[in-house]
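Asks: Contents of data23.txt (compact mmCIF, C-alpha atoms) are given next:
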```txt
# COMPACT_ATOMS: atom_id res chain seq x y z
CA MET A 33 2.26 81.73 -12.72
CA ASP A 34 -0.83 83.83 -11.90
CA LYS A 35 -0.45 87.54 -11.53
CA ARG A 36 -0.41 88.68 -7.92
CA ILE A 37 -2.17 91.90 -7.02
CA TRP A 38 -1.75 93.18 -3.50
CA ALA A 39 -3.28 96.37 -2.14
CA VAL A 40 -1.93 98.13 0.91
CA GLY A 41 -4.55 100.19 2.73
CA GLY A 42 -6.07 101.03 6.09
CA GLY A 43 -8.23 103.71 7.54
CA LYS A 44 -5.75 106.06 9.12
CA GLY A 45 -3.01 108.22 7.67
CA GLY A 46 0.60 107.94 8.84
CA THR A 47 0.51 104.23 9.64
CA GLY A 48 3.16 103.48 7.02
CA LYS A 49 1.20 102.17 4.05
CA SER A 50 3.60 103.62 1.47
CA PHE A 51 6.56 102.48 3.57
CA VAL A 52 5.20 98.91 3.57
CA SER A 53 4.30 99.04 -0.15
CA SER A 54 7.77 100.20 -1.14
CA GLY A 55 9.41 97.64 1.16
CA LEU A 56 7.33 94.77 -0.24
CA GLY A 57 8.00 95.89 -3.82
CA LEU A 58 11.74 96.20 -3.28
CA HIS A 59 11.96 92.79 -1.68
CA LEU A 60 9.98 91.06 -4.43
CA ALA A 61 12.16 92.79 -7.05
CA SER A 62 15.29 91.63 -5.22
CA LEU A 63 13.96 88.05 -5.49
CA GLY A 64 13.96 88.47 -9.27
CA HIS A 65 10.24 89.18 -9.69
CA ASP A 66 8.93 91.67 -12.18
CA VAL A 67 7.15 94.15 -9.90
CA MET A 68 4.93 97.15 -10.56
CA LEU A 69 4.02 99.63 -7.84
CA VAL A 70 0.92 101.73 -8.47
CA ASP A 71 0.50 104.82 -6.34
CA ALA A 72 -3.27 104.75 -5.97
CA ASP A 73 -3.24 107.18 -3.06
CA LEU A 74 -5.39 109.57 -5.03
CA GLY A 75 -5.47 112.30 -2.39
CA GLY A 76 -1.78 112.49 -1.50
CA PRO A 77 0.59 110.41 -3.58
CA ASN A 78 4.21 110.13 -2.45
CA LEU A 79 5.32 106.57 -3.07
CA HIS A 80 7.92 107.81 -5.57
CA THR A 81 9.55 109.88 -2.81
CA LEU A 82 10.08 106.78 -0.69
CA LEU A 83 11.97 105.28 -3.63
CA GLY A 84 14.13 108.38 -3.97
CA MET A 85 12.40 109.62 -7.12
CA ARG A 86 11.00 113.01 -8.02
CA ASN A 87 7.48 113.62 -9.21
CA GLY A 88 7.01 114.00 -12.96
CA HIS A 89 5.33 112.72 -16.06
CA PRO A 90 4.04 110.28 -17.11
CA ASP A 91 1.89 109.53 -14.09
CA LEU A 92 -1.53 108.15 -13.16
CA GLY A 93 -3.19 111.44 -14.14
CA ASP A 94 -1.80 111.12 -17.68
CA PHE A 95 -3.52 107.76 -17.99
CA LEU A 96 -6.81 109.01 -16.57
CA THR A 97 -6.84 112.04 -18.90
CA ASN A 98 -5.95 109.83 -21.89
CA ARG A 99 -2.58 111.50 -22.48
CA VAL A 100 -1.19 107.99 -22.54
CA GLY A 101 -3.13 105.07 -23.98
CA SER A 102 -2.69 102.54 -21.18
CA LEU A 103 -1.58 102.26 -17.58
CA GLU A 104 1.45 100.34 -18.80
CA GLU A 105 2.59 103.44 -20.70
CA ALA A 106 2.27 105.52 -17.52
CA ALA A 107 4.80 103.28 -15.74
CA VAL A 108 8.42 104.38 -15.31
CA GLU A 109 11.54 102.53 -14.25
CA THR A 110 12.82 103.03 -10.70
CA PRO A 111 16.52 102.99 -9.79
CA TYR A 112 15.97 99.39 -8.63
CA GLU A 113 16.16 96.47 -11.02
CA GLY A 114 12.88 94.71 -11.69
CA LEU A 115 10.81 97.45 -10.04
CA ARG A 116 8.65 99.89 -11.97
CA ILE A 117 6.18 102.46 -10.70
CA VAL A 118 3.09 104.30 -11.84
CA ARG A 119 3.50 107.54 -9.97
CA GLY A 120 0.54 109.34 -8.43
CA SER A 121 -0.77 112.45 -10.10
CA GLU A 122 0.20 115.99 -9.19
CA ASN A 123 -3.29 117.04 -10.22
CA ILE A 124 -4.80 115.96 -6.92
CA LEU A 125 -8.12 117.82 -7.05
CA PHE A 126 -9.13 116.23 -10.31
CA ILE A 127 -7.93 112.74 -9.61
CA ALA A 128 -9.19 112.29 -6.04
CA ASN A 129 -12.77 112.50 -7.29
CA LEU A 130 -12.54 109.65 -9.73
CA ASN A 131 -15.84 108.80 -11.40
CA HIS A 132 -17.20 105.27 -11.67
CA TYR A 133 -16.22 104.78 -15.31
CA LYS A 134 -12.62 105.91 -14.75
CA LYS A 135 -12.35 103.71 -11.68
CA LEU A 136 -13.47 100.62 -13.59
CA ARG A 137 -11.07 101.45 -16.42
CA LEU A 138 -8.22 101.82 -13.95
CA LEU A 139 -9.08 98.51 -12.24
CA ARG A 140 -9.22 96.76 -15.61
CA GLN A 141 -5.87 98.19 -16.63
CA VAL A 142 -4.27 97.17 -13.34
CA ARG A 143 -5.20 93.57 -14.14
CA GLN A 144 -3.69 93.93 -17.60
CA LEU A 145 -0.32 95.31 -16.45
CA ALA A 146 2.58 93.33 -17.81
CA ALA A 147 4.10 92.55 -14.42
CA GLN A 148 4.11 89.42 -12.32
CA ASP A 149 3.44 91.33 -9.10
CA VAL A 150 1.39 94.48 -8.79
CA ILE A 151 1.24 96.40 -5.51
CA LEU A 152 -1.37 99.12 -5.09
CA ASP A 153 -0.57 101.75 -2.49
CA LEU A 154 -3.91 103.15 -1.34
CA GLY A 155 -4.82 106.34 0.43
CA THR A 156 -6.52 106.86 3.77
CA GLY A 157 -10.25 106.82 4.37
CA SER A 158 -13.08 104.55 3.33
CA SER A 159 -14.29 106.11 0.08
CA TYR A 160 -15.82 103.75 -2.46
CA ASN A 161 -12.79 104.20 -4.72
CA THR A 162 -10.35 103.12 -2.01
CA LEU A 163 -12.57 100.21 -0.94
CA ASP A 164 -12.96 98.95 -4.49
CA PHE A 165 -9.21 99.04 -5.12
CA PHE A 166 -8.67 97.20 -1.85
CA LEU A 167 -11.30 94.57 -2.65
CA SER A 168 -9.95 94.01 -6.14
CA ALA A 169 -6.67 92.76 -4.70
CA ASP A 170 -5.89 89.35 -3.29
CA PRO A 171 -5.07 89.95 -0.58
CA GLY A 172 -5.66 93.46 0.66
CA ILE A 173 -3.23 94.35 3.43
CA VAL A 174 -4.30 96.62 6.28
CA VAL A 175 -1.45 98.51 7.91
CA ALA A 176 -2.16 99.63 11.47
CA THR A 177 -0.11 101.01 14.32
CA PRO A 178 -0.55 100.15 18.02
CA GLU A 179 -2.59 103.23 18.87
CA PRO A 180 -6.33 103.46 19.65
CA THR A 181 -6.92 105.86 16.75
CA ALA A 182 -5.29 103.54 14.22
CA ILE A 183 -7.03 100.43 15.58
CA GLU A 184 -10.39 102.19 15.55
CA ASN A 185 -9.89 103.35 11.96
CA SER A 186 -8.70 99.92 10.86
CA TYR A 187 -11.90 98.35 12.16
CA LEU A 188 -13.91 101.09 10.49
CA PHE A 189 -12.10 100.41 7.23
CA LEU A 190 -12.72 96.66 7.50
CA LYS A 191 -16.38 97.24 8.38
CA SER A 192 -16.75 99.48 5.32
CA CYS A 193 -15.18 96.75 3.18
CA ILE A 194 -17.60 94.16 4.60
CA MET A 195 -20.60 96.39 3.97
CA ARG A 196 -19.39 96.93 0.42
CA VAL A 197 -18.87 93.19 -0.14
CA LEU A 198 -22.33 92.39 1.26
CA LYS A 199 -23.97 95.08 -0.84
CA LEU A 200 -22.31 93.82 -4.03
CA TYR A 201 -23.21 90.23 -3.14
CA MET A 202 -26.84 91.06 -2.39
CA ASP A 203 -27.15 93.14 -5.55
CA HIS A 204 -25.65 90.36 -7.64
CA TYR A 205 -27.81 87.59 -6.19
CA LYS A 206 -30.87 89.85 -5.96
CA ILE A 207 -31.55 89.60 -2.23
CA PRO A 208 -33.15 93.03 -1.78
CA ASP A 209 -34.90 92.21 1.51
CA LEU A 210 -31.61 91.44 3.20
CA HIS A 211 -29.98 94.53 1.77
CA GLN A 212 -32.89 96.62 3.01
CA LYS A 213 -32.58 95.03 6.46
CA MET A 214 -28.86 95.81 6.54
CA LEU A 215 -29.44 99.44 5.60
CA GLU A 216 -32.18 99.87 8.19
CA GLN A 217 -30.41 98.24 11.09
CA ILE A 218 -26.87 99.45 10.56
CA GLU A 219 -27.20 102.81 8.88
CA LYS A 220 -30.45 104.06 10.41
CA ASN A 221 -30.49 102.36 13.82
CA SER A 222 -26.68 102.50 14.31
CA GLN A 223 -26.60 98.82 15.19
CA SER A 224 -23.14 97.27 15.26
CA LEU A 225 -22.21 94.93 12.42
CA TYR A 226 -21.93 92.02 14.85
CA SER A 227 -25.39 92.66 16.37
CA PHE A 228 -26.79 92.73 12.85
CA PHE A 229 -25.11 89.43 11.97
CA LYS A 230 -26.30 87.94 15.24
CA SER A 231 -29.91 89.02 14.80
CA LEU A 232 -29.82 87.62 11.26
CA LEU A 233 -28.48 84.25 12.40
CA GLU A 234 -31.07 84.11 15.19
CA SER A 235 -33.96 84.90 12.86
CA ASP A 236 -32.96 82.31 10.27
CA ARG A 237 -29.94 79.99 10.29
CA SER A 238 -29.84 79.95 6.50
CA TYR A 239 -28.67 83.58 6.58
CA GLY A 240 -25.45 82.13 7.97
CA THR A 241 -24.91 80.44 4.63
CA ILE A 242 -25.44 83.67 2.75
CA LEU A 243 -23.05 85.60 5.00
CA TYR A 244 -20.50 82.82 4.82
CA ARG A 245 -20.63 82.71 1.05
CA ALA A 246 -20.47 86.48 0.73
CA LEU A 247 -17.55 86.92 3.09
CA ARG A 248 -15.50 83.78 2.52
CA ASN A 249 -13.42 85.35 -0.25
CA PHE A 250 -12.75 88.51 1.70
CA ARG A 251 -9.65 87.46 3.59
CA PRO A 252 -7.51 90.52 4.22
CA CYS A 253 -4.14 90.57 5.95
CA LEU A 254 -2.88 92.76 8.75
CA ILE A 255 0.53 94.28 9.46
CA MET A 256 1.18 96.01 12.78
CA ASN A 257 3.70 98.73 12.03
CA LYS A 258 5.84 100.74 14.48
CA ALA A 259 5.68 98.09 17.22
CA ARG A 260 7.77 99.24 20.20
CA ASP A 261 7.53 96.16 22.41
CA GLN A 262 6.26 92.60 22.58
CA ALA A 263 2.78 93.74 23.67
CA ASP A 264 2.50 95.85 20.49
CA ALA A 265 3.53 92.86 18.41
CA GLU A 266 0.96 90.64 20.16
CA LEU A 267 -1.72 93.27 19.55
CA GLY A 268 -1.85 92.29 15.87
CA ARG A 269 -2.81 88.75 16.81
CA SER A 270 -5.50 90.05 19.16
CA VAL A 271 -6.93 92.37 16.50
CA ALA A 272 -7.12 89.44 14.09
CA ASP A 273 -8.94 87.42 16.76
CA VAL A 274 -11.44 90.20 17.45
CA ALA A 275 -12.07 90.66 13.70
CA ARG A 276 -12.68 86.94 13.31
CA ARG A 277 -15.26 86.90 16.08
CA TYR A 278 -17.00 90.26 15.63
CA LEU A 279 -16.62 90.94 11.91
CA LEU A 280 -16.81 87.27 10.87
CA ILE A 281 -13.82 87.58 8.57
CA ASP A 282 -10.56 85.68 8.37
CA LEU A 283 -8.02 88.43 9.04
CA HIS A 284 -4.56 86.98 8.57
CA PHE A 285 -1.92 88.58 10.80
CA LEU A 286 1.31 88.84 8.82
CA GLY A 287 3.45 90.13 11.64
CA ALA A 288 4.70 93.25 13.35
CA ILE A 289 7.29 95.68 12.02
CA PRO A 290 9.40 97.10 14.87
CA TYR A 291 9.62 100.87 15.24
CA ASP A 292 12.90 102.23 13.89
CA ALA A 293 13.89 105.88 14.29
CA ARG A 294 16.13 105.63 11.22
CA VAL A 295 13.07 105.47 8.95
CA HIS A 296 12.78 109.23 9.33
CA SER A 297 16.41 109.90 8.41
CA SER A 298 16.33 107.59 5.38
CA LEU A 299 13.18 109.36 4.19
CA LYS A 300 14.94 112.71 4.49
CA ALA A 301 17.88 111.32 2.53
CA LEU A 302 15.43 110.10 -0.17
CA GLN A 303 16.66 106.57 0.25
CA PRO A 304 14.42 103.51 0.75
CA PHE A 305 14.79 102.33 4.33
CA THR A 306 15.03 98.63 3.47
CA THR A 307 17.98 99.21 1.13
CA ALA A 308 19.70 101.69 3.48
CA HIS A 309 19.35 99.38 6.50
CA PRO A 310 18.85 95.88 5.11
CA ASP A 311 19.88 94.18 8.36
CA SER A 312 17.55 96.14 10.61
CA ALA A 313 14.73 94.30 12.39
CA ALA A 314 12.15 96.39 10.50
CA ALA A 315 13.60 95.46 7.09
CA ARG A 316 13.71 91.81 8.11
CA ALA A 317 10.07 91.97 9.23
CA ILE A 318 9.02 93.40 5.85
CA ARG A 319 10.91 90.67 4.00
CA SER A 320 9.31 88.04 6.17
CA ALA A 321 5.83 89.54 5.58
CA ALA A 322 6.46 89.48 1.80
CA GLU A 323 7.48 85.84 1.90
CA GLU A 324 4.55 84.94 4.12
CA LEU A 325 2.28 86.68 1.63
CA ILE A 326 3.71 84.73 -1.28
CA TYR A 327 3.25 81.55 0.70
CA ALA A 328 -0.23 82.53 1.93
CA VAL A 329 -1.46 83.50 -1.51
CA GLU A 330 -0.10 80.45 -3.22
CA HIS A 331 -1.01 77.82 -0.67
CA SER A 332 -3.15 78.37 2.39
CA ARG A 333 -5.53 80.89 0.85
CA ARG A 334 -6.70 78.34 -1.67
CA THR A 335 -7.93 75.97 1.02
CA PRO A 336 -11.27 76.62 2.73
CA PRO A 337 -11.33 77.62 6.40
CA GLU A 338 -11.47 75.00 9.11
CA ILE A 339 -14.74 73.16 9.63
CA GLY A 340 -16.28 73.98 12.99
CA PHE A 341 -18.84 72.12 15.10
CA PRO A 342 -21.56 73.60 17.25
CA SER A 343 -21.08 73.66 20.99
CA PRO A 344 -23.34 71.70 23.33
CA ARG A 345 -26.09 73.70 24.93
CA MET B 245 -20.18 78.24 8.54
CA ILE B 246 -20.50 81.55 10.31
CA LYS B 247 -21.28 81.20 14.01
CA ARG B 248 -22.29 83.47 16.85
CA ILE B 249 -19.90 83.78 19.79
CA GLU B 250 -22.34 81.71 21.87
CA ASP B 251 -21.80 78.84 19.42
CA TRP B 252 -17.99 78.80 19.62
CA THR B 253 -16.59 75.81 21.42
CA TYR B 254 -14.28 76.30 24.40
CA TYR B 255 -11.36 75.31 22.20
CA GLU B 256 -12.29 77.91 19.61
CA LEU B 257 -12.64 80.53 22.32
CA LEU B 258 -9.11 79.88 23.55
CA ASN B 259 -7.74 79.40 20.01
CA VAL B 260 -6.30 75.99 20.79
CA GLU B 261 -6.55 72.59 19.15
CA ARG B 262 -8.62 69.86 20.76
CA THR B 263 -5.40 67.96 21.32
CA ALA B 264 -3.77 70.93 23.13
CA SER B 265 -1.76 70.25 26.28
CA GLN B 266 -2.54 71.93 29.61
CA GLU B 267 0.32 74.33 28.98
CA GLU B 268 -1.07 75.32 25.57
CA ILE B 269 -4.53 75.76 27.05
CA ARG B 270 -3.11 78.06 29.74
CA GLU B 271 -1.24 80.12 27.13
CA GLY B 272 -4.37 80.34 24.96
CA TYR B 273 -6.36 81.46 27.99
CA GLN B 274 -3.87 84.19 28.88
CA ALA B 275 -3.78 85.50 25.30
CA ALA B 276 -7.59 85.48 25.05
CA LEU B 277 -7.89 87.18 28.43
CA ALA B 278 -5.47 89.93 27.34
CA THR B 279 -7.47 90.48 24.15
CA TYR B 280 -10.75 91.01 26.02
CA ALA B 281 -9.43 92.59 29.23
CA PRO B 282 -10.99 95.92 30.30
CA GLY B 283 -9.30 98.73 28.37
CA SER B 284 -7.89 96.35 25.76
CA LEU B 285 -6.67 98.14 22.65
CA ALA B 286 -7.66 95.22 20.43
CA ALA B 287 -11.32 95.60 21.34
CA TYR B 288 -11.26 99.37 21.02
CA GLY B 289 -13.83 100.81 18.66
CA LEU B 290 -15.47 97.51 17.75
CA VAL B 291 -16.55 95.59 20.83
CA THR B 292 -18.98 97.17 23.28
CA ASP B 293 -18.42 96.80 27.03
CA ASP B 294 -21.33 94.36 27.33
CA GLU B 295 -20.00 92.23 24.50
CA ARG B 296 -16.52 92.30 26.00
CA ARG B 297 -17.81 91.22 29.40
CA GLN B 298 -19.82 88.43 27.80
CA ILE B 299 -16.88 86.96 25.89
CA ALA B 300 -14.53 87.39 28.85
CA GLY B 301 -17.03 85.38 30.93
CA ARG B 302 -17.13 82.62 28.32
CA ILE B 303 -13.32 82.55 28.14
CA GLU B 304 -13.15 82.15 31.91
CA GLU B 305 -15.76 79.38 31.76
CA ALA B 306 -13.79 77.69 28.95
CA TYR B 307 -10.57 77.75 30.94
CA GLN B 308 -12.20 76.51 34.15
CA THR B 309 -13.58 73.56 32.19
CA LEU B 310 -10.53 72.70 30.12
CA CYS B 311 -7.97 72.99 32.92
CA ASP B 312 -9.82 70.42 34.99
CA PRO B 313 -9.13 66.96 33.45
CA GLU B 314 -12.44 65.48 34.60
CA ARG B 315 -14.57 68.36 33.37
CA LYS B 316 -12.52 68.47 30.16
CA GLU B 317 -13.20 64.81 29.47
CA ALA B 318 -16.93 65.25 30.07
CA TYR B 319 -16.94 68.30 27.78
CA ASP B 320 -15.01 66.49 25.04
CA LEU B 321 -17.53 63.64 25.23
CA SER B 322 -20.43 66.04 25.00
CA LEU B 323 -18.85 67.60 21.90
CA LEU B 324 -18.47 64.20 20.30
CA LYS B 325 -22.02 63.22 21.12
CA ARG B 326 -23.44 66.31 19.53
CA SER B 327 -21.32 66.32 16.40
CA TYR B 328 -22.08 64.05 13.49
CA TYR B 329 -19.11 62.23 12.12
CA TYR B 330 -17.88 63.18 8.72
CA SER B 331 -14.64 61.95 7.30
CA PRO B 332 -12.03 64.72 6.92
CA LYS B 333 -12.53 64.50 3.19
CA ALA B 334 -16.27 65.16 3.32
CA PRO B 335 -16.82 67.65 0.52
CA PHE B 336 -19.49 69.70 2.32
CA ARG B 337 -19.98 71.43 5.59
CA ARG B 338 -22.48 70.47 8.23
CA THR B 339 -25.45 72.79 8.91
CA VAL B 340 -24.86 74.94 5.89
CA GLY B 341 -27.71 73.49 3.90
CA ARG B 342 -28.34 72.98 0.26
CA LEU B 343 -26.12 75.71 -1.14
CA GLU B 344 -22.92 74.20 0.18
CA ILE B 345 -23.80 70.63 -0.62
CA GLU B 346 -24.17 71.70 -4.23
CA GLU B 347 -20.43 72.16 -4.24
CA ALA B 348 -19.86 68.47 -3.66
CA PRO B 349 -18.67 66.55 -6.71
CA PRO B 350 -21.45 64.70 -8.56
CA LYS B 351 -22.43 61.47 -6.88
CA ARG B 352 -21.06 58.36 -8.54
CA GLY B 353 -23.92 56.26 -9.80
CA PHE B 354 -24.22 52.58 -10.57
CA ARG B 355 -23.16 53.16 -14.16
CA GLN B 356 -19.91 54.89 -13.11
CA ALA B 357 -19.18 52.10 -10.60
CA LEU B 358 -19.55 49.55 -13.39
CA ARG B 359 -17.35 51.64 -15.67
CA ARG B 360 -14.61 51.63 -13.03
CA LEU B 361 -14.82 47.88 -12.59
CA PHE B 362 -14.92 47.21 -16.33
CA PRO B 363 -13.01 50.02 -18.04
CA ARG B 364 -13.65 50.46 -21.71
CA ARG B 365 -10.96 48.91 -23.86
CA LYS B 366 -8.98 51.17 -26.15
CA GLY B 367 -10.43 51.41 -29.65
CA ALA B 368 -13.67 49.70 -28.65
CA ALA B 369 -16.63 51.31 -30.36
CA GLY B 370 -20.07 51.56 -28.91
CA PRO B 371 -22.67 53.93 -27.62
CA ASP B 372 -21.68 56.04 -24.62
```
Transcribe the structure of this file into structure tokens.
Replies:
Amino acid sequence: MDKRIWAVGGGKGGTGKSFVSSGLGLHLASLGHDVMLVDADLGGPNLHTLLGMRNGHPDLGDFLTNRVGSLEEAAVETPYEGLRIVRGSENILFIANLNHYKKLRLLRQVRQLAAQDVILDLGTGSSYNTLDFFLSADPGIVVATPEPTAIENSYLFLKSCIMRVLKLYMDHYKIPDLHQKMLEQIEKNSQSLYSFFKSLLESDRSYGTILYRALRNFRPCLIMNKARDQADAELGRSVADVARRYLLIDLHFLGAIPYDARVHSSLKALQPFTTAHPDSAAARAIRSAAEELIYAVEHSRRTPPEIGFPSPR
Amino acid sequence: MIKRIEDWTYYELLNVERTASQEEIREGYQAALATYAPGSLAAYGLVTDDERRQIAGRIEEAYQTLCDPERKEAYDLSLLKRSYYYSPKAPFRRTVGRLEIEEAPPKRGFRQALRRLFPRRKGAAGPD
């Protein structure tokens, strides 16, 4: 079976990325998978805490400073069978400013980890490092909460990913005029991404092919965390719809995780929420998202999107 | 193929299948309306007010057409008239041009057709 690499990210802090990462990892391990969690939140790692572990060595910093030879050697066992973790580094100042060479080395080593499932827990923001980790995974999972700030930052994060994908695509296929156009219209003239796409399609329909080919493999997923009512749960579907129309990407909504006040108390007790309250609605939602992901990655994501027809004018 | 919002069909706007019942169309309309309603959280930070008004107008237009059986039938016919027929297994997409068609498997030529009709016997030697 192919190795699965998932990355959990999103623009805003406090949406529950580490909570989702640990929940997904624990569930996959409980299914008998060999799972590796990598705390790639370079600015503020704390995934180990959610698993009830203390910080210590070896960690990601030991790998990046060559104290250990490979990322595999930086991994430690967790108290849960089948689940290992590469803890984030305590040396935050050094590690948060990862240079290009170290980033590529880390990405290469992630692919070489001896685990069936690898889950990268990413930090907040849209730095190139975070975007590249997110884009290296299939799929990347955006965790948002039903608040304007989180929604706004999620779109910003997705837009940054799209810009990065387009830049890499245009560099690779040597389409400098289009890249120049993108820089001028979006960065200098503050045009929205959709207006840019639209003006491109109107100037030449063949640009549609280029955009389609560049973006067709970027198919992130979305989890709406801390949903308090049905409207919050439905919001995820609406966000996916808006992203499909205005960002031209296939954002797959995995589901909503209901808000549960006990998350706070289980965190204080240094106990993973999904093992402390396995029958809660939130734990069930995480399990269902994990299974949907397995299904989505193995089946539907390998088929191309639906064929559309133009509307009559 | 990537399309502008103006190019989405009414069915795509309401996120329903072409075979959707009136009830499904109404549900799709309500969900789409909620997504693009004034002050909608889903549109926050990405969709401008003008864009939101434009799509809300198209959603309304889509529902008014699809909920009326006569107008729906006329619209379905117009869709059919404008779309070329390709079998569901067609290995390329319409309107995407040369790049996509390149992904189609190589065309079977006369030689391959003959080879299928008269398969080579096992152990038979000869030039390929």
Asks: Looking at all atoms listed in the file, which of B:Leu285, B:Thr263, B:Phe362, B:Leu258 is the one that sits closest to Glu266 (chain A)?
Replies: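 Closest to Glu266 (chain A), using all atoms listed in the file: B:Leu285.
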Asks: Please provide as number ranges by chain all residues within 10 Å of Gly287 (chain A), with the sequence filter that same-chain residues fewer than 2 positions apart are discarded (counting all atoms listed in the file).
Replies: A: 253-257, 259, 265-269, 284-285, 289-290, 317-318, 320-321, 324
Asks: Excluding Ala275 (chain B) and its own-chain neighbours fewer than 4 positions away, which residues fall within 12 Å of it when counting all atoms listed in the file? Please give them as a PyMOL selection string.
Replies: (chain A and resi 263+266-271+273-274) or (chain B and resi 257-260+268-271+279-281+284+286+300+303-304+307)
Asks: Residues of chain A within 9 Å of chain B, counting all atoms listed in the file - could you list those as a count of residues only?
Replies: 45
Asks: Enter the distance from CA of Leu283 (chain A) to CA of Arg248 (chain A), in Å, rounded to one decimal.
Replies: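 Separation of CA of Leu283 (chain A) and CA of Arg248 (chain A): 11.0 Å.
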Asks: In Å, rounded to a single decimal, give me how far CA of Ser186 (chain A) is from CA of Ile117 (chain A).
Replies: 26.3 Å
Asks: Which residue gives the smallest distance to Gly46 (chain A) among A:Arg319, A:His211, A:Lys258, A:Arg294, with only C-alpha atoms counted?
Replies: A:Lys258
Asks: Under the rule that all atoms listed in the file are counted, which of A:Tyr133, A:Trp38, A:Phe250, A:Tyr239 is the nearest residue to Asp209 (chain A)?
Replies: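 Nearest to Asp209 (chain A): A:Tyr239.
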Asks: Report, in Å to a single decimal, how far apart CA of His296 (chain A) and CA of Val108 (chain A) are.
Replies: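 Between CA of Val108 (chain A) and CA of His296 (chain A) the gap is 25.5 Å.
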Asks: In the coordinate frame of the file, compute which residues have an atom within 9 Å of (-8.0, 94.8, 1.3) when using all atoms listed in the file, and state them as number ranges by chain.
Replies: A: 38-42, 163-174, 190, 193, 250-253
Asks: Save the residues we just selected, C-alpha atoms, as a compact mmCIF listing (two decimals), in the frame of the given file?
Replies:
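Here's the written file out_36.txt:
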```
# COMPACT_ATOMS: atom_id res chain seq x y z
CA TRP A 38 -1.75 93.18 -3.50
CA ALA A 39 -3.28 96.37 -2.14
CA VAL A 40 -1.93 98.13 0.91
CA GLY A 41 -4.55 100.19 2.73
CA GLY A 42 -6.07 101.03 6.09
CA LEU A 163 -12.57 100.21 -0.94
CA ASP A 164 -12.96 98.95 -4.49
CA PHE A 165 -9.21 99.04 -5.12
CA PHE A 166 -8.67 97.20 -1.85
CA LEU A 167 -11.30 94.57 -2.65
CA SER A 168 -9.95 94.01 -6.14
CA ALA A 169 -6.67 92.76 -4.70
CA ASP A 170 -5.89 89.35 -3.29
CA PRO A 171 -5.07 89.95 -0.58
CA GLY A 172 -5.66 93.46 0.66
CA ILE A 173 -3.23 94.35 3.43
CA VAL A 174 -4.30 96.62 6.28
CA LEU A 190 -12.72 96.66 7.50
CA CYS A 193 -15.18 96.75 3.18
CA PHE A 250 -12.75 88.51 1.70
CA ARG A 251 -9.65 87.46 3.59
CA PRO A 252 -7.51 90.52 4.22
CA CYS A 253 -4.14 90.57 5.95
```
Asks: Taking 4 positions as the minimum chain separation for residues in the same chain, which residues sit within 8 Å of region 96-103 of chain A when counting all atoms listed in the file? Answer as an mmCIF file with C-alpha atoms, in the coordinates of the input.
Replies:
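Below you can see result.cif, which holds the result:
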```cif
data_model
loop_
_atom_site.group_PDB
_atom_site.id
_atom_site.type_symbol
_atom_site.label_atom_id
_atom_site.label_comp_id
_atom_site.auth_asym_id
_atom_site.auth_seq_id
_atom_site.Cartn_x
_atom_site.Cartn_y
_atom_site.Cartn_z
ATOM 1 C CA PRO A 90 4.040 110.280 -17.110
ATOM 2 C CA LEU A 92 -1.530 108.150 -13.160
ATOM 3 C CA ALA A 107 4.800 103.280 -15.740
ATOM 4 C CA VAL A 118 3.090 104.300 -11.840
ATOM 5 C CA ILE A 127 -7.930 112.740 -9.610
ATOM 6 C CA LYS A 134 -12.620 105.910 -14.750
ATOM 7 C CA LEU A 138 -8.220 101.820 -13.950
ATOM 8 C CA GLN A 141 -5.870 98.190 -16.630
ATOM 9 C CA VAL A 142 -4.270 97.170 -13.340
ATOM 10 C CA LEU A 145 -0.320 95.310 -16.450
#
```
Asks: Out of A:Ile326, A:Leu82, A:Met195, A:Ala176, which residue has the shortest atom-to-atom distance to Leu58 (chain A) when counting only C-alpha atoms?
Replies: A:Leu82
